[in-house]
Amino acid sequence: MEYRIGLAQYAPRLGEVDDNLELARTWLRRAEADGAQLVAFPELALTGYLLQDLVPDVAMRADDPRLTALSAAVPEVLLAIGFVEETDEHRFSNSAALLHRGELLGIHRKVYLPTYGLFDEGRFTRSGDRIRAMEVGEPLRRIGLSVCEDFWHPSLPLLQAQDGASLLVNIAAGPARAPGSAAGTRAVAGWHKMQDTYALLGTVGVAFCNRVGNEEGLTFWGGSRIVAPDGSVVAEGPLYEEALVVGALETDDLRMQRYQLPLLADERLDLVRRELDRIIAERADLPLAEAEDEPA
């Protein structure tokens with residue numbers, strides 16, 4: 001069965017939630033008209049990226065009626081969108097919401113917050129502590145949602161694939177390092193290698209939506225992509241330009257890929273867990289439980 005995915009690659013307006021909601025409606029309508037069944041938006045699409053002390057001003061609850069209304073306006077479309085979430089404990093997270101027919105299906109809070117080089121996220125938001133695949137019904141059944149830097153840690157896509165995801169959706173605000181330079185080209189190529197590898201080794205589809213535009217001296221490079229479970233590229237957006245990237249995955253391809261290359265089924269999770277327990281204990285200088293000791 002063919003499943004059409006739309007990636008809205010554009011530039012949100014920094015700190016302007018109402019304007020960004022209207023932009024999102026416009027791109028949603030375009031994607032719906034193009035037959036997209038799932039539409040993904042960039043990281044922090046409703047707020048812009050370099051928020052710093054604006055975080056409390058632009059934050060919203062996960063059940064905010066503005067979010068559910070955005071989804072209800074296109075009831076046949078599954079929506080993944082980034083925003084600043086305020087929890088009941090008044091913690092602020094860089095989050096991605098998954099919505100359908102005006103209902104919230106799940107939230108992913110960015111687990112890995114880059115606080116190095118160009119990035120200062122750990123000062124302004126708090127990291128998530130859950131990695132899950134979310135139920136979306138047929139034909140995808142389960143989706144793994146993540147935010148930008150999360151994809152640079154292979155444990156996250158592995159866990160989501162093992163949790164039943166048939167599609168990994170990564171939304172990003174990836175800034176270019178010296179746009180147009182050899183270093184910038186290598187950074188984009190690194191993203192491509194990573195996405196292709198996760199798709200192939202996890203036998204999952206990958207949808208990557210990255211923003212474009214400029215904010216406070218940062219330039220975002222776009223290049224959104226859809227990758228099939230065999231690692232082949234289905235659709236790819238331009239660099240540095242706004243675009244609606246639409247491509248279709250064939251769900252039967254996933255079925256056959258997992259039959260021909262049963263990597264997920266063959267993964268020895270019990271062994272992985274045992275070795276991780278050993279490494280954690282060794283690093284913390286803690287004794288291993290007897291049951292966890294190596295066999296004689």
# chains A, B, ... in the order shown; residues from 1 in each chain; ligands from 1
>>> residues_around(residues="Thr115 of chain A", least_positions_apart="4", cutoff="12 Å", atoms="only C-alpha atoms", output="list in words")
Phe119, Asp120, Glu121, Gly122, Arg123, Phe124, Thr125, Arg126, Ser127 and Glu149 of chain A
>>> write_last_selection(atoms="N, CA and C atoms", output="PDB file, in the first residue's frame")
ATOM      1  N   PHE A 119      25.446  25.689  19.711  1.00  0.00           N
ATOM      2  CA  PHE A 119      24.193  25.352  20.399  1.00  0.00           C
ATOM      3  C   PHE A 119      24.261  25.644  21.894  1.00  0.00           C
ATOM      4  N   ASP A 120      23.092  26.025  22.448  1.00  0.00           N
ATOM      5  CA  ASP A 120      23.013  26.352  23.870  1.00  0.00           C
ATOM      6  C   ASP A 120      21.689  25.869  24.459  1.00  0.00           C
ATOM      7  N   GLU A 121      21.167  24.752  23.941  1.00  0.00           N
ATOM      8  CA  GLU A 121      19.808  24.338  24.289  1.00  0.00           C
ATOM      9  C   GLU A 121      19.643  23.943  25.745  1.00  0.00           C
ATOM     10  N   GLY A 122      20.672  23.333  26.338  1.00  0.00           N
ATOM     11  CA  GLY A 122      20.548  22.845  27.703  1.00  0.00           C
ATOM     12  C   GLY A 122      20.324  23.938  28.731  1.00  0.00           C
ATOM     13  N   ARG A 123      20.608  25.181  28.377  1.00  0.00           N
ATOM     14  CA  ARG A 123      20.375  26.294  29.300  1.00  0.00           C
ATOM     15  C   ARG A 123      18.915  26.701  29.366  1.00  0.00           C
ATOM     16  N   PHE A 124      18.131  26.395  28.330  1.00  0.00           N
ATOM     17  CA  PHE A 124      16.796  26.966  28.215  1.00  0.00           C
ATOM     18  C   PHE A 124      15.669  25.938  28.216  1.00  0.00           C
ATOM     19  N   THR A 125      15.978  24.687  27.906  1.00  0.00           N
ATOM     20  CA  THR A 125      14.952  23.644  27.933  1.00  0.00           C
ATOM     21  C   THR A 125      15.488  22.426  28.671  1.00  0.00           C
ATOM     22  N   ARG A 126      14.577  21.516  29.022  1.00  0.00           N
ATOM     23  CA  ARG A 126      14.933  20.327  29.769  1.00  0.00           C
ATOM     24  C   ARG A 126      14.765  19.098  28.883  1.00  0.00           C
ATOM     25  N   SER A 127      15.640  18.135  29.070  1.00  0.00           N
ATOM     26  CA  SER A 127      15.635  16.961  28.195  1.00  0.00           C
ATOM     27  C   SER A 127      14.523  15.991  28.565  1.00  0.00           C
ATOM     28  N   GLU A 149      19.000  16.531  17.135  1.00  0.00           N
ATOM     29  CA  GLU A 149      20.168  15.898  17.758  1.00  0.00           C
ATOM     30  C   GLU A 149      19.890  14.476  18.233  1.00  0.00           C
TER      31      GLU A 149
END
>>> select_by_dssp(residues="segment 42-202 of chain A", states="alpha helix (DSSP H)", output="VMD selection string")
chain A and resid 55 to 58 65 to 72 155 to 162 182 to 202
>>> residues_around(residues="Val272 of chain A", least_positions_apart="5", cutoff="12 Å", atoms="only C-alpha atoms", output="list in words")
Ser155, Leu158, Leu159, Glu267, Asp277, Arg278, Ile279 and Glu292 of chain A
>>> select_by_dssp(residues="segment 24-270 of chain A", states="strand (DSSP E)", output="JSON, numbers by chain")
{"A": [38, 39, 40, 78, 79, 80, 81, 82, 83, 84, 85, 86, 92, 93, 94, 95, 96, 97, 98, 99, 100, 103, 104, 105, 106, 107, 108, 109, 133, 134, 135, 136, 137, 141, 142, 143, 144, 145, 146, 147, 167, 168, 169, 170, 171, 172, 205, 206, 207, 208, 209, 210, 212, 213, 214, 215, 218, 219, 220, 221, 225, 226, 227, 233, 234, 235, 236, 243, 244, 245, 246, 247, 248, 249, 250]}
>>> closest_residue(among="A:Thr203, A:Glu32, A:Leu51, A:His192", to="Glu236 of chain A", atoms="only C-alpha atoms")
A:His192
>>> closest_atom_pairs(of="segment 49-158 of chain A", to="segment 37-44 of chain A", cutoff="8 Å", atoms="only C-alpha atoms", output="JSON lines")
{"residue": "A:Tyr49", "atom": "CA", "partner": "A:Leu44", "partner_atom": "CA", "distance": 6.0}
{"residue": "A:Glu76", "atom": "CA", "partner": "A:Gln37", "partner_atom": "CA", "distance": 6.8}
{"residue": "A:Val77", "atom": "CA", "partner": "A:Gln37", "partner_atom": "CA", "distance": 4.8}
{"residue": "A:Leu78", "atom": "CA", "partner": "A:Leu38", "partner_atom": "CA", "distance": 4.4}
{"residue": "A:Leu79", "atom": "CA", "partner": "A:Val39", "partner_atom": "CA", "distance": 5.2}
{"residue": "A:Ala80", "atom": "CA", "partner": "A:Ala40", "partner_atom": "CA", "distance": 4.6}
{"residue": "A:Ile81", "atom": "CA", "partner": "A:Phe41", "partner_atom": "CA", "distance": 4.8}
{"residue": "A:Gly82", "atom": "CA", "partner": "A:Leu44", "partner_atom": "CA", "distance": 4.3}
{"residue": "A:Phe83", "atom": "CA", "partner": "A:Leu44", "partner_atom": "CA", "distance": 4.4}
{"residue": "A:Val84", "atom": "CA", "partner": "A:Leu44", "partner_atom": "CA", "distance": 6.6}
{"residue": "A:Asn94", "atom": "CA", "partner": "A:Leu44", "partner_atom": "CA", "distance": 7.1}
{"residue": "A:Ser95", "atom": "CA", "partner": "A:Leu44", "partner_atom": "CA", "distance": 7.6}
{"residue": "A:Ala96", "atom": "CA", "partner": "A:Glu43", "partner_atom": "CA", "distance": 7.3}
{"residue": "A:Val147", "atom": "CA", "partner": "A:Glu43", "partner_atom": "CA", "distance": 6.4}
{"residue": "A:Cys148", "atom": "CA", "partner": "A:Glu43", "partner_atom": "CA", "distance": 7.2}
>>> residues_around(residues="Gly102 of chain A", least_positions_apart="2", cutoff="6 Å", atoms="only C-alpha atoms", output="ChimeraX atom specification")
/A:68-69,71-72,100
>>> write_last_selection(atoms="N, CA and C atoms", output="PDB file, in the first residue's frame")
ATOM      1  N   THR A  68      -4.678  21.312  18.780  1.00  0.00           N
ATOM      2  CA  THR A  68      -5.722  20.376  18.346  1.00  0.00           C
ATOM      3  C   THR A  68      -6.552  20.959  17.201  1.00  0.00           C
ATOM      4  N   ALA A  69      -6.758  22.276  17.203  1.00  0.00           N
ATOM      5  CA  ALA A  69      -7.507  22.903  16.115  1.00  0.00           C
ATOM      6  C   ALA A  69      -6.733  22.815  14.801  1.00  0.00           C
ATOM      7  N   SER A  71      -4.803  20.418  13.873  1.00  0.00           N
ATOM      8  CA  SER A  71      -4.998  19.058  13.385  1.00  0.00           C
ATOM      9  C   SER A  71      -6.427  18.829  12.906  1.00  0.00           C
ATOM     10  N   ALA A  72      -7.393  19.364  13.629  1.00  0.00           N
ATOM     11  CA  ALA A  72      -8.802  19.148  13.269  1.00  0.00           C
ATOM     12  C   ALA A  72      -9.143  19.754  11.918  1.00  0.00           C
ATOM     13  N   HIS A 100      -3.879  13.693  15.239  1.00  0.00           N
ATOM     14  CA  HIS A 100      -4.741  13.200  14.163  1.00  0.00           C
ATOM     15  C   HIS A 100      -6.185  13.479  14.535  1.00  0.00           C
TER      16      HIS A 100
END
>>> closest_atom_pairs(of="segment 160-265 of chain A", to="segment 7-10 of chain A", cutoff="7 Å", atoms="only C-alpha atoms", output="Markdown table")
| residue | atom | partner | partner_atom | distance |
| --- | --- | --- | --- | --- |
| A:Cys209 | CA | A:Leu7 | CA | 5.5 |
| A:Asn210 | CA | A:Gln9 | CA | 6.0 |
| A:Arg211 | CA | A:Gln9 | CA | 5.0 |
| A:Val212 | CA | A:Tyr10 | CA | 5.3 |
| A:Gly222 | CA | A:Gln9 | CA | 6.3 |
| A:Ser224 | CA | A:Gln9 | CA | 6.8 |
| A:Glu242 | CA | A:Tyr10 | CA | 4.6 |
| A:Ala243 | CA | A:Gln9 | CA | 5.2 |
| A:Leu244 | CA | A:Ala8 | CA | 4.9 |
| A:Val245 | CA | A:Leu7 | CA | 5.0 |
| A:Val246 | CA | A:Leu7 | CA | 6.3 |
>>> write_last_selection(atoms="C-alpha atoms", output="CSV table (one decimal), in the first residue's frame")
chain,number,residue,atom,x,y,z
A,209,CYS,CA,12.1,17.5,7.9
A,210,ASN,CA,14.6,20.3,8.3
A,211,ARG,CA,13.8,24.1,8.3
A,212,VAL,CA,15.4,26.8,6.1
A,222,GLY,CA,16.8,22.4,4.6
A,224,SER,CA,14.5,17.4,3.9
A,242,GLU,CA,11.5,26.7,1.0
A,243,ALA,CA,9.8,23.6,-0.4
A,244,LEU,CA,7.0,21.1,0.2
A,245,VAL,CA,8.7,17.7,-0.2
A,246,VAL,CA,6.3,14.9,-1.0
>>> atom_distance(atom1="atom CA of Leu99 of chain A", atom2="atom CA of Gln162 of chain A")
22.4 Å
>>> atom_distance(atom1="atom CA of Pro56 of chain A", atom2="atom CA of Phe92 of chain A")
7.5 Å
>>> residues_around(residues="Ser146 of chain A", least_positions_apart="6", cutoff="12 Å", atoms="only C-alpha atoms", output="PyMOL selection string")
chain A and resi 40-43+80-82+94-98+106-113+128+130-134+152-157+159-160+165+167-172+206-209
>>> residues_around(residues="Leu200 of chain A", least_positions_apart="4", cutoff="8 Å", atoms="only C-alpha atoms", output="number ranges by chain")
A: 196, 204, 229-231
>>> atom_distance(atom1="atom CA of Gly190 of chain A", atom2="atom CA of Arg225 of chain A")
13.4 Å
>>> residues_around(residues="segment 14-21 of chain A", least_positions_apart="2", cutoff="7 Å", atoms="only C-alpha atoms", output="mmCIF file with all heavy atoms, in the first residue's frame")
data_model
loop_
_atom_site.group_PDB
_atom_site.id
_atom_site.type_symbol
_atom_site.label_atom_id
_atom_site.label_comp_id
_atom_site.auth_asym_id
_atom_site.auth_seq_id
_atom_site.Cartn_x
_atom_site.Cartn_y
_atom_site.Cartn_z
ATOM 1 N N PRO A 12 10.061 29.367 9.986
ATOM 2 C CA PRO A 12 9.159 29.965 10.979
ATOM 3 C C PRO A 12 9.659 31.362 11.384
ATOM 4 O O PRO A 12 10.806 31.729 11.128
ATOM 5 C CB PRO A 12 9.243 28.995 12.163
ATOM 6 C CG PRO A 12 9.860 27.746 11.620
ATOM 7 C CD PRO A 12 10.740 28.170 10.496
ATOM 8 N N LEU A 23 1.077 30.084 9.326
ATOM 9 C CA LEU A 23 1.976 29.498 8.331
ATOM 10 C C LEU A 23 1.771 27.988 8.259
ATOM 11 O O LEU A 23 1.714 27.411 7.162
ATOM 12 C CB LEU A 23 3.440 29.796 8.699
ATOM 13 C CG LEU A 23 4.001 31.148 8.295
ATOM 14 C CD1 LEU A 23 5.393 31.320 8.893
ATOM 15 C CD2 LEU A 23 4.064 31.274 6.781
ATOM 16 N N ALA A 24 1.667 27.357 9.420
ATOM 17 C CA ALA A 24 1.483 25.908 9.448
ATOM 18 C C ALA A 24 0.173 25.512 8.755
ATOM 19 O O ALA A 24 0.130 24.512 8.015
ATOM 20 C CB ALA A 24 1.500 25.403 10.887
ATOM 21 N N ARG A 25 -0.896 26.268 8.981
ATOM 22 C CA ARG A 25 -2.168 25.968 8.310
ATOM 23 C C ARG A 25 -2.008 26.034 6.790
ATOM 24 O O ARG A 25 -2.519 25.184 6.057
ATOM 25 C CB ARG A 25 -3.243 26.961 8.760
ATOM 26 C CG ARG A 25 -3.732 26.761 10.182
ATOM 27 C CD ARG A 25 -4.928 27.649 10.486
ATOM 28 N NE ARG A 25 -5.168 27.681 11.924
ATOM 29 C CZ ARG A 25 -4.712 28.628 12.748
ATOM 30 N NH1 ARG A 25 -4.011 29.638 12.252
ATOM 31 N NH2 ARG A 25 -4.951 28.579 14.031
ATOM 32 N N ALA A 45 8.692 24.537 14.952
ATOM 33 C CA ALA A 45 8.013 25.215 13.836
ATOM 34 C C ALA A 45 7.063 26.311 14.317
ATOM 35 O O ALA A 45 6.785 27.258 13.582
ATOM 36 C CB ALA A 45 7.239 24.195 13.002
ATOM 37 N N LEU A 46 6.544 26.192 15.537
ATOM 38 C CA LEU A 46 5.574 27.173 16.025
ATOM 39 C C LEU A 46 6.212 28.339 16.764
ATOM 40 O O LEU A 46 5.513 29.253 17.210
ATOM 41 C CB LEU A 46 4.546 26.490 16.933
ATOM 42 C CG LEU A 46 3.668 25.444 16.249
ATOM 43 C CD1 LEU A 46 2.639 24.897 17.220
ATOM 44 C CD2 LEU A 46 2.977 26.024 15.011
ATOM 45 N N THR A 47 7.550 28.323 16.894
ATOM 46 C CA THR A 47 8.204 29.365 17.700
ATOM 47 C C THR A 47 9.460 29.952 17.077
ATOM 48 O O THR A 47 9.870 31.044 17.453
ATOM 49 C CB THR A 47 8.607 28.794 19.074
ATOM 50 O OG1 THR A 47 9.577 27.748 18.882
ATOM 51 C CG2 THR A 47 7.403 28.255 19.827
ATOM 52 N N GLY A 48 10.114 29.256 16.158
ATOM 53 C CA GLY A 48 11.469 29.612 15.783
ATOM 54 C C GLY A 48 12.454 28.989 16.756
ATOM 55 O O GLY A 48 12.078 28.466 17.820
ATOM 56 N N TYR A 49 13.744 29.013 16.387
ATOM 57 C CA TYR A 49 14.731 28.211 17.107
ATOM 58 C C TYR A 49 15.487 28.966 18.204
ATOM 59 O O TYR A 49 15.559 28.517 19.333
ATOM 60 C CB TYR A 49 15.740 27.638 16.108
ATOM 61 C CG TYR A 49 16.827 26.802 16.763
ATOM 62 C CD1 TYR A 49 16.533 25.548 17.292
ATOM 63 C CD2 TYR A 49 18.119 27.279 16.876
ATOM 64 C CE1 TYR A 49 17.510 24.791 17.917
ATOM 65 C CE2 TYR A 49 19.113 26.526 17.491
ATOM 66 C CZ TYR A 49 18.800 25.286 18.015
ATOM 67 O OH TYR A 49 19.762 24.538 18.631
ATOM 68 N N LEU A 51 15.425 30.923 20.711
ATOM 69 C CA LEU A 51 14.476 31.567 21.609
ATOM 70 C C LEU A 51 15.116 32.123 22.876
ATOM 71 O O LEU A 51 14.732 33.183 23.363
ATOM 72 C CB LEU A 51 13.384 30.559 21.999
ATOM 73 C CG LEU A 51 12.473 30.140 20.859
ATOM 74 C CD1 LEU A 51 11.736 28.859 21.209
ATOM 75 C CD2 LEU A 51 11.492 31.250 20.522
ATOM 76 N N LEU A 54 12.987 33.815 25.571
ATOM 77 C CA LEU A 54 11.601 33.851 25.093
ATOM 78 C C LEU A 54 10.852 32.551 25.380
ATOM 79 O O LEU A 54 9.638 32.484 25.183
ATOM 80 C CB LEU A 54 11.563 34.107 23.580
ATOM 81 C CG LEU A 54 11.914 35.508 23.076
ATOM 82 C CD1 LEU A 54 11.933 35.525 21.552
ATOM 83 C CD2 LEU A 54 10.919 36.524 23.609
ATOM 84 N N VAL A 58 6.559 31.730 24.760
ATOM 85 C CA VAL A 58 6.001 31.041 23.579
ATOM 86 C C VAL A 58 5.538 29.624 23.897
ATOM 87 O O VAL A 58 4.962 28.949 23.038
ATOM 88 C CB VAL A 58 7.042 30.995 22.436
ATOM 89 C CG1 VAL A 58 7.436 32.397 22.019
ATOM 90 C CG2 VAL A 58 8.270 30.176 22.829
#
>>> closest_residue(among="A:Leu140, A:Ala11, A:Met256, A:Ile280", to="Trp221 of chain A", atoms="only C-alpha atoms")
A:Ala11
